[in-house]
Amino acid sequence: MRVSVFGLGYVGAVSCGCFAHDGLEVIGVDLNTDKVKMINDGRSPIIEEKIGEIIADAVAGGTLRATTDAEEAVLNTDVSIVSVGTPSKANGSADLAAVERVSEQIGRAIAAKTARHVIVIRSTVMPGTVRGLVVPALEAASGKKFGEDFGVCFNPEFLREGSSVRDHYNPPFTLIGQGSDNDGDAAAQLYAKVDAELIRATIEEAELVKYVCNAFHALKVTFANEVGILARAMDVNSHHVMDIVCKDTKLNISTRYLKPGFAFGGSCLPKDVKALVHKAREKDLDLPLLRSVIPSNRMQIDRAVDEVLKLGRKRLGILGLSFKAGTDDLRESPIVSVTETLIGKGFDIKIYDKNISLARLVGANRDYIEKEIPHISSLMAEELSEVVDHAEVLLIGNSSPEFAGLAAFCKNGQTVIDLAHIDELARADGINYVGITW
């Protein structure tokens, strides 16, 4: 495969060297004549472990060269990789000028090609950029049609400065956001020598993954730093604490709690976050990340209320009142907060939760429902069908297994707002399905 790489900065230089090292014929493209000359002299334009030797060997072996001539590069390659920078503007948005400029250059070049050309965007861009900016620029400059005459993919990089060559060959996965399987196949050929899981996605999903990964990395650094600030103020060894925290790979360093859904609740998470924030205030510490957790969680509750309100229908059925399926614990249950808000707004509500029944509740839970939410207990039904028959809108509060088959009980076109992301409901026919963050 013959590949042109636009942009000889950090990502572009590493891509040029590694793809050429893997046996692909690579042409690097950049407006900067100094970078082009360095590549052609067998020198790396960046300082990075191993990349200097890799580029020198590739140039000597004839698999890598560089040019300032975009048209010549495109005409002599099958795939063009765009790895130009997208720096921040003053308002925080990404500056896409270089991406647009290169897209236009490639478009003008493919206008003269008869063979199908595939463009692979590696620059970090927001969802919608490839289809909304890159594709129109290519089409306008080439006079050709995306999907018919040329293909476009989005292939984010996961390279860390200082270990980029190792990261190229040992990534967590290879992600290709594709417009079609054929375009994705062309992009996948770039990684024939890379032993990693290949994941196909839509272009927009792949665009967002890159931002989410970087935001998550920033979040982890900030979280650990706030733990360190608080731990130091309490004379606790923060590194030892976090070493222990990281040993939990079932919940802490895992996929748990990392799926978009409804607000958290229960007897532990809300009170313990509040306690940490309170302790920070006692120590005159400002921990913005931890301080924002409870307000952000509250906003998710408000979002559920808004989803109901905007439908403009008053007969509501709530399925699942406990904060988590398989429990009768109502303490800090976010769906209880939703229910109380909607009662106050005059909704005609019936509730079903097989685990919540005054006859079965004992101890703290019985006291809670009798003292704190007695107005809710009077709205509870013994049968799921009673609630379904009553409601114009059904609100799913937790992932109790019996709700997976809910569509079979629903009236045709009945609206179901799912706060628990029950896959069977999302795929069901005959209902008007609404998710909260999907």
# chains A, B, ... in the order shown; residues from 1 in each chain; ligands from 1
call {"tool": "residues_around", "arguments": {"residues": "Arg43 of chain A", "least_positions_apart": "2", "cutoff": "12 Å", "atoms": "only C-alpha atoms", "output": "ChimeraX atom specification"}}
result
/A:13,17,34-41,45-48,50-60,64-66
call {"tool": "residues_around", "arguments": {"residues": "segment 231-246 of chain A", "least_positions_apart": "5", "cutoff": "9 Å", "atoms": "only C-alpha atoms", "output": "mmCIF file with N, CA and C atoms, in the first residue's frame"}}
result
data_model
loop_
_atom_site.group_PDB
_atom_site.id
_atom_site.type_symbol
_atom_site.label_atom_id
_atom_site.label_comp_id
_atom_site.auth_asym_id
_atom_site.auth_seq_id
_atom_site.Cartn_x
_atom_site.Cartn_y
_atom_site.Cartn_z
ATOM 1 N N ALA A 224 -7.014 12.285 41.295
ATOM 2 C CA ALA A 224 -5.902 11.842 42.151
ATOM 3 C C ALA A 224 -5.261 13.026 42.862
ATOM 4 N N GLU A 226 -6.763 15.854 43.749
ATOM 5 C CA GLU A 226 -7.647 16.315 44.826
ATOM 6 C C GLU A 226 -7.608 15.358 46.018
ATOM 7 N N ASN A 252 -13.013 -0.293 40.844
ATOM 8 C CA ASN A 252 -12.299 0.973 40.666
ATOM 9 C C ASN A 252 -11.645 1.110 39.289
ATOM 10 N N ILE A 253 -10.724 0.214 38.974
ATOM 11 C CA ILE A 253 -10.037 0.251 37.672
ATOM 12 C C ILE A 253 -10.701 -0.805 36.807
ATOM 13 N N ALA A 280 -13.223 18.697 53.335
ATOM 14 C CA ALA A 280 -12.377 19.652 52.619
ATOM 15 C C ALA A 280 -12.673 21.081 53.055
ATOM 16 N N LYS A 283 -11.136 21.933 56.250
ATOM 17 C CA LYS A 283 -9.692 22.152 56.125
ATOM 18 C C LYS A 283 -9.379 23.374 55.252
ATOM 19 N N LEU A 285 -10.077 23.838 52.160
ATOM 20 C CA LEU A 285 -9.600 23.379 50.859
ATOM 21 C C LEU A 285 -10.721 23.501 49.829
#
call {"tool": "select_by_dssp", "arguments": {"residues": "segment 305-375 of chain A", "states": "alpha helix (DSSP H)", "output": "JSON, numbers by chain"}}
result
{"A": [305, 306, 307, 308, 309, 334, 335, 336, 337, 338, 339, 340, 341, 342, 343, 344, 363, 364, 365, 366, 367, 368, 369, 370, 371, 374, 375]}
call {"tool": "closest_atom_pairs", "arguments": {"of": "segment 131-219 of chain A", "to": "segment 20-29 of chain A", "cutoff": "12 Å", "atoms": "only C-alpha atoms", "output": "Markdown table"}}
result
| residue | atom | partner | partner_atom | distance |
| --- | --- | --- | --- | --- |
| A:Val165 | CA | A:His21 | CA | 10.9 |
| A:His168 | CA | A:Asp22 | CA | 11.3 |
| A:Tyr169 | CA | A:Asp22 | CA | 10.3 |
| A:Gln189 | CA | A:Leu24 | CA | 9.7 |
| A:Leu190 | CA | A:Leu24 | CA | 8.0 |
| A:Tyr191 | CA | A:Asp22 | CA | 8.7 |
| A:Ala192 | CA | A:Asp22 | CA | 8.4 |
| A:Lys193 | CA | A:Asp22 | CA | 6.5 |
| A:Val194 | CA | A:Asp22 | CA | 9.1 |
call {"tool": "atom_distance", "arguments": {"atom1": "atom CA of Phe264 of chain A", "atom2": "atom CA of Lys350 of chain A"}}
result
22.8 Å
call {"tool": "atom_distance", "arguments": {"atom1": "atom CA of Ala98 of chain A", "atom2": "atom CA of Ala188 of chain A"}}
result
24.8 Å
call {"tool": "closest_residue", "arguments": {"among": "A:Ser333, A:Asn170, A:Thr222, A:Asn182", "to": "Phe150 of chain A", "atoms": "only C-alpha atoms"}}
result
A:Asn182
call {"tool": "closest_residue", "arguments": {"among": "A:Val293, A:Thr339, A:Leu394, A:Arg366", "to": "Leu379 of chain A", "atoms": "only C-alpha atoms"}}
result
A:Thr339
call {"tool": "residues_around", "arguments": {"residues": "segment 423-427 of chain A", "least_positions_apart": "2", "cutoff": "7 Å", "atoms": "only C-alpha atoms", "output": "PyMOL selection string"}}
result
chain A and resi 404+407+421+429+433
call {"tool": "closest_atom_pairs", "arguments": {"of": "segment 152-259 of chain A", "to": "segment 71-79 of chain A", "cutoff": "10 Å", "atoms": "only C-alpha atoms", "output": "CSV"}}
result
residue,atom,partner,partner_atom,distance
A:Val152,CA,A:Val79,CA,9.6
A:Asp183,CA,A:Val79,CA,9.9
A:Ala186,CA,A:Val79,CA,7.8
A:Ala187,CA,A:Val79,CA,7.9
A:Leu190,CA,A:Val79,CA,9.3
call {"tool": "closest_residue", "arguments": {"among": "A:Asp367, A:Asp306, A:Asp195, A:Glu383", "to": "Lys345 of chain A", "atoms": "only C-alpha atoms"}}
result
A:Asp306
call {"tool": "atom_distance", "arguments": {"atom1": "atom CA of Cys213 of chain A", "atom2": "atom CA of Val305 of chain A"}}
result
29.7 Å
call {"tool": "residues_around", "arguments": {"residues": "Val338 of chain A", "least_positions_apart": "6", "cutoff": "8 Å", "atoms": "only C-alpha atoms", "output": "MDAnalysis selection string"}}
result
chainID A and resid 301:302 304:305
call {"tool": "residues_around", "arguments": {"residues": "Glu282 of chain A", "least_positions_apart": "4", "cutoff": "12 Å", "atoms": "only C-alpha atoms", "output": "ChimeraX atom specification"}}
result
/A:230,233-234,275-278,286-287
call {"tool": "residues_around", "arguments": {"residues": "Ala141 of chain A", "least_positions_apart": "2", "cutoff": "7 Å", "atoms": "only C-alpha atoms", "output": "PyMOL selection string"}}
result
chain A and resi 104+107-108+137-139+143
call {"tool": "residues_around", "arguments": {"residues": "Val388 of chain A", "least_positions_apart": "5", "cutoff": "10 Å", "atoms": "only C-alpha atoms", "output": "list in words"}}
result
Leu316, Gly317, Ile318, Leu319, Lys350, Ile351, Tyr352, Glu383, Val393, Leu394, Leu406, Ala407, Phe409, Cys410, Lys411 and Gln414 of chain A
call {"tool": "decode", "arguments": {"residues": "segment 86-129 of chain A", "atoms": "N, CA and C atoms", "output": "PDB file, in the first residue's frame"}}
result
ATOM      1  N   THR A  86      -4.870  20.703  15.434  1.00  0.00           N
ATOM      2  CA  THR A  86      -6.154  21.379  15.681  1.00  0.00           C
ATOM      3  C   THR A  86      -6.047  22.110  17.010  1.00  0.00           C
ATOM      4  N   PRO A  87      -5.229  23.167  17.063  1.00  0.00           N
ATOM      5  CA  PRO A  87      -4.993  23.880  18.334  1.00  0.00           C
ATOM      6  C   PRO A  87      -6.253  24.585  18.834  1.00  0.00           C
ATOM      7  N   SER A  88      -6.239  24.940  20.101  1.00  0.00           N
ATOM      8  CA  SER A  88      -7.384  25.634  20.688  1.00  0.00           C
ATOM      9  C   SER A  88      -7.427  27.088  20.259  1.00  0.00           C
ATOM     10  N   LYS A  89      -8.645  27.573  19.977  1.00  0.00           N
ATOM     11  CA  LYS A  89      -8.862  29.001  19.796  1.00  0.00           C
ATOM     12  C   LYS A  89      -9.016  29.640  21.177  1.00  0.00           C
ATOM     13  N   ALA A  90      -9.144  30.939  21.214  1.00  0.00           N
ATOM     14  CA  ALA A  90      -9.263  31.648  22.494  1.00  0.00           C
ATOM     15  C   ALA A  90     -10.500  31.206  23.272  1.00  0.00           C
ATOM     16  N   ASN A  91     -11.565  30.825  22.565  1.00  0.00           N
ATOM     17  CA  ASN A  91     -12.800  30.416  23.244  1.00  0.00           C
ATOM     18  C   ASN A  91     -12.828  28.931  23.597  1.00  0.00           C
ATOM     19  N   GLY A  92     -11.741  28.199  23.304  1.00  0.00           N
ATOM     20  CA  GLY A  92     -11.665  26.780  23.640  1.00  0.00           C
ATOM     21  C   GLY A  92     -12.007  25.845  22.502  1.00  0.00           C
ATOM     22  N   SER A  93     -12.624  26.343  21.454  1.00  0.00           N
ATOM     23  CA  SER A  93     -12.960  25.484  20.321  1.00  0.00           C
ATOM     24  C   SER A  93     -11.700  25.151  19.526  1.00  0.00           C
ATOM     25  N   ALA A  94     -11.782  24.092  18.722  1.00  0.00           N
ATOM     26  CA  ALA A  94     -10.636  23.664  17.933  1.00  0.00           C
ATOM     27  C   ALA A  94     -10.517  24.494  16.660  1.00  0.00           C
ATOM     28  N   ASP A  95      -9.305  24.878  16.338  1.00  0.00           N
ATOM     29  CA  ASP A  95      -9.034  25.600  15.101  1.00  0.00           C
ATOM     30  C   ASP A  95      -8.866  24.566  13.984  1.00  0.00           C
ATOM     31  N   LEU A  96      -9.814  24.553  13.065  1.00  0.00           N
ATOM     32  CA  LEU A  96      -9.847  23.539  12.008  1.00  0.00           C
ATOM     33  C   LEU A  96      -9.311  24.047  10.682  1.00  0.00           C
ATOM     34  N   ALA A  97      -8.647  25.186  10.699  1.00  0.00           N
ATOM     35  CA  ALA A  97      -8.182  25.790   9.453  1.00  0.00           C
ATOM     36  C   ALA A  97      -7.239  24.865   8.690  1.00  0.00           C
ATOM     37  N   ALA A  98      -6.320  24.217   9.399  1.00  0.00           N
ATOM     38  CA  ALA A  98      -5.360  23.339   8.719  1.00  0.00           C
ATOM     39  C   ALA A  98      -6.048  22.098   8.157  1.00  0.00           C
ATOM     40  N   VAL A  99      -7.009  21.560   8.891  1.00  0.00           N
ATOM     41  CA  VAL A  99      -7.752  20.391   8.407  1.00  0.00           C
ATOM     42  C   VAL A  99      -8.502  20.745   7.134  1.00  0.00           C
ATOM     43  N   GLU A 100      -9.148  21.905   7.131  1.00  0.00           N
ATOM     44  CA  GLU A 100      -9.906  22.320   5.941  1.00  0.00           C
ATOM     45  C   GLU A 100      -8.970  22.566   4.763  1.00  0.00           C
ATOM     46  N   ARG A 101      -7.852  23.221   5.015  1.00  0.00           N
ATOM     47  CA  ARG A 101      -6.905  23.525   3.943  1.00  0.00           C
ATOM     48  C   ARG A 101      -6.374  22.242   3.300  1.00  0.00           C
ATOM     49  N   VAL A 102      -5.981  21.291   4.132  1.00  0.00           N
ATOM     50  CA  VAL A 102      -5.447  20.033   3.600  1.00  0.00           C
ATOM     51  C   VAL A 102      -6.529  19.245   2.865  1.00  0.00           C
ATOM     52  N   SER A 103      -7.754  19.277   3.376  1.00  0.00           N
ATOM     53  CA  SER A 103      -8.856  18.595   2.697  1.00  0.00           C
ATOM     54  C   SER A 103      -9.059  19.163   1.302  1.00  0.00           C
ATOM     55  N   GLU A 104      -8.968  20.481   1.188  1.00  0.00           N
ATOM     56  CA  GLU A 104      -9.103  21.117  -0.131  1.00  0.00           C
ATOM     57  C   GLU A 104      -7.950  20.714  -1.049  1.00  0.00           C
ATOM     58  N   GLN A 105      -6.731  20.652  -0.494  1.00  0.00           N
ATOM     59  CA  GLN A 105      -5.577  20.244  -1.301  1.00  0.00           C
ATOM     60  C   GLN A 105      -5.755  18.818  -1.822  1.00  0.00           C
ATOM     61  N   ILE A 106      -6.175  17.930  -0.943  1.00  0.00           N
ATOM     62  CA  ILE A 106      -6.378  16.539  -1.355  1.00  0.00           C
ATOM     63  C   ILE A 106      -7.508  16.451  -2.378  1.00  0.00           C
ATOM     64  N   GLY A 107      -8.566  17.237  -2.160  1.00  0.00           N
ATOM     65  CA  GLY A 107      -9.680  17.242  -3.105  1.00  0.00           C
ATOM     66  C   GLY A 107      -9.255  17.656  -4.496  1.00  0.00           C
ATOM     67  N   ARG A 108      -8.449  18.713  -4.594  1.00  0.00           N
ATOM     68  CA  ARG A 108      -7.980  19.159  -5.910  1.00  0.00           C
ATOM     69  C   ARG A 108      -7.131  18.083  -6.577  1.00  0.00           C
ATOM     70  N   ALA A 109      -6.386  17.356  -5.766  1.00  0.00           N
ATOM     71  CA  ALA A 109      -5.520  16.315  -6.326  1.00  0.00           C
ATOM     72  C   ALA A 109      -6.326  15.110  -6.811  1.00  0.00           C
ATOM     73  N   ILE A 110      -7.329  14.687  -6.042  1.00  0.00           N
ATOM     74  CA  ILE A 110      -8.083  13.492  -6.458  1.00  0.00           C
ATOM     75  C   ILE A 110      -9.000  13.790  -7.641  1.00  0.00           C
ATOM     76  N   ALA A 111      -9.196  15.079  -7.940  1.00  0.00           N
ATOM     77  CA  ALA A 111      -9.972  15.419  -9.140  1.00  0.00           C
ATOM     78  C   ALA A 111      -9.307  14.854 -10.385  1.00  0.00           C
ATOM     79  N   ALA A 112      -7.966  14.708 -10.341  1.00  0.00           N
ATOM     80  CA  ALA A 112      -7.222  14.213 -11.497  1.00  0.00           C
ATOM     81  C   ALA A 112      -6.993  12.700 -11.455  1.00  0.00           C
ATOM     82  N   LYS A 113      -7.510  12.042 -10.412  1.00  0.00           N
ATOM     83  CA  LYS A 113      -7.291  10.601 -10.272  1.00  0.00           C
ATOM     84  C   LYS A 113      -8.486   9.817 -10.813  1.00  0.00           C
ATOM     85  N   THR A 114      -8.194   8.687 -11.429  1.00  0.00           N
ATOM     86  CA  THR A 114      -9.271   7.779 -11.837  1.00  0.00           C
ATOM     87  C   THR A 114      -9.487   6.700 -10.781  1.00  0.00           C
ATOM     88  N   ALA A 115      -8.400   6.318 -10.080  1.00  0.00           N
ATOM     89  CA  ALA A 115      -8.515   5.294  -9.037  1.00  0.00           C
ATOM     90  C   ALA A 115      -9.178   5.889  -7.794  1.00  0.00           C
ATOM     91  N   ARG A 116      -9.888   5.057  -7.068  1.00  0.00           N
ATOM     92  CA  ARG A 116     -10.536   5.490  -5.825  1.00  0.00           C
ATOM     93  C   ARG A 116      -9.476   5.807  -4.774  1.00  0.00           C
ATOM     94  N   HIS A 117      -9.657   6.907  -4.073  1.00  0.00           N
ATOM     95  CA  HIS A 117      -8.717   7.334  -3.042  1.00  0.00           C
ATOM     96  C   HIS A 117      -9.435   7.345  -1.704  1.00  0.00           C
ATOM     97  N   VAL A 118      -8.739   6.946  -0.633  1.00  0.00           N
ATOM     98  CA  VAL A 118      -9.311   6.935   0.713  1.00  0.00           C
ATOM     99  C   VAL A 118      -8.548   7.927   1.580  1.00  0.00           C
ATOM    100  N   ILE A 119      -9.284   8.796   2.244  1.00  0.00           N
ATOM    101  CA  ILE A 119      -8.689   9.796   3.137  1.00  0.00           C
ATOM    102  C   ILE A 119      -8.952   9.376   4.573  1.00  0.00           C
ATOM    103  N   VAL A 120      -7.906   9.301   5.374  1.00  0.00           N
ATOM    104  CA  VAL A 120      -8.004   8.887   6.773  1.00  0.00           C
ATOM    105  C   VAL A 120      -7.638  10.071   7.658  1.00  0.00           C
ATOM    106  N   ILE A 121      -8.612  10.570   8.402  1.00  0.00           N
ATOM    107  CA  ILE A 121      -8.371  11.706   9.290  1.00  0.00           C
ATOM    108  C   ILE A 121      -7.876  11.195  10.638  1.00  0.00           C
ATOM    109  N   ARG A 122      -6.701  11.676  11.046  1.00  0.00           N
ATOM    110  CA  ARG A 122      -6.158  11.345  12.367  1.00  0.00           C
ATOM    111  C   ARG A 122      -6.133  12.571  13.283  1.00  0.00           C
ATOM    112  N   SER A 123      -6.292  13.749  12.718  1.00  0.00           N
ATOM    113  CA  SER A 123      -6.358  14.960  13.544  1.00  0.00           C
ATOM    114  C   SER A 123      -7.545  14.852  14.494  1.00  0.00           C
ATOM    115  N   THR A 124      -7.381  15.358  15.697  1.00  0.00           N
ATOM    116  CA  THR A 124      -8.446  15.292  16.700  1.00  0.00           C
ATOM    117  C   THR A 124      -9.507  16.340  16.386  1.00  0.00           C
ATOM    118  N   VAL A 125     -10.717  15.859  16.068  1.00  0.00           N
ATOM    119  CA  VAL A 125     -11.814  16.756  15.697  1.00  0.00           C
ATOM    120  C   VAL A 125     -13.108  16.286  16.352  1.00  0.00           C
ATOM    121  N   MET A 126     -14.013  17.224  16.577  1.00  0.00           N
ATOM    122  CA  MET A 126     -15.289  16.938  17.212  1.00  0.00           C
ATOM    123  C   MET A 126     -16.215  16.145  16.280  1.00  0.00           C
ATOM    124  N   PRO A 127     -17.146  15.369  16.864  1.00  0.00           N
ATOM    125  CA  PRO A 127     -18.118  14.654  16.042  1.00  0.00           C
ATOM    126  C   PRO A 127     -18.850  15.604  15.099  1.00  0.00           C
ATOM    127  N   GLY A 128     -18.960  15.184  13.849  1.00  0.00           N
ATOM    128  CA  GLY A 128     -19.604  16.002  12.830  1.00  0.00           C
ATOM    129  C   GLY A 128     -18.619  16.738  11.951  1.00  0.00           C
ATOM    130  N   THR A 129     -17.355  16.801  12.361  1.00  0.00           N
ATOM    131  CA  THR A 129     -16.361  17.544  11.585  1.00  0.00           C
ATOM    132  C   THR A 129     -16.042  16.851  10.266  1.00  0.00           C
TER     133      THR A 129
END
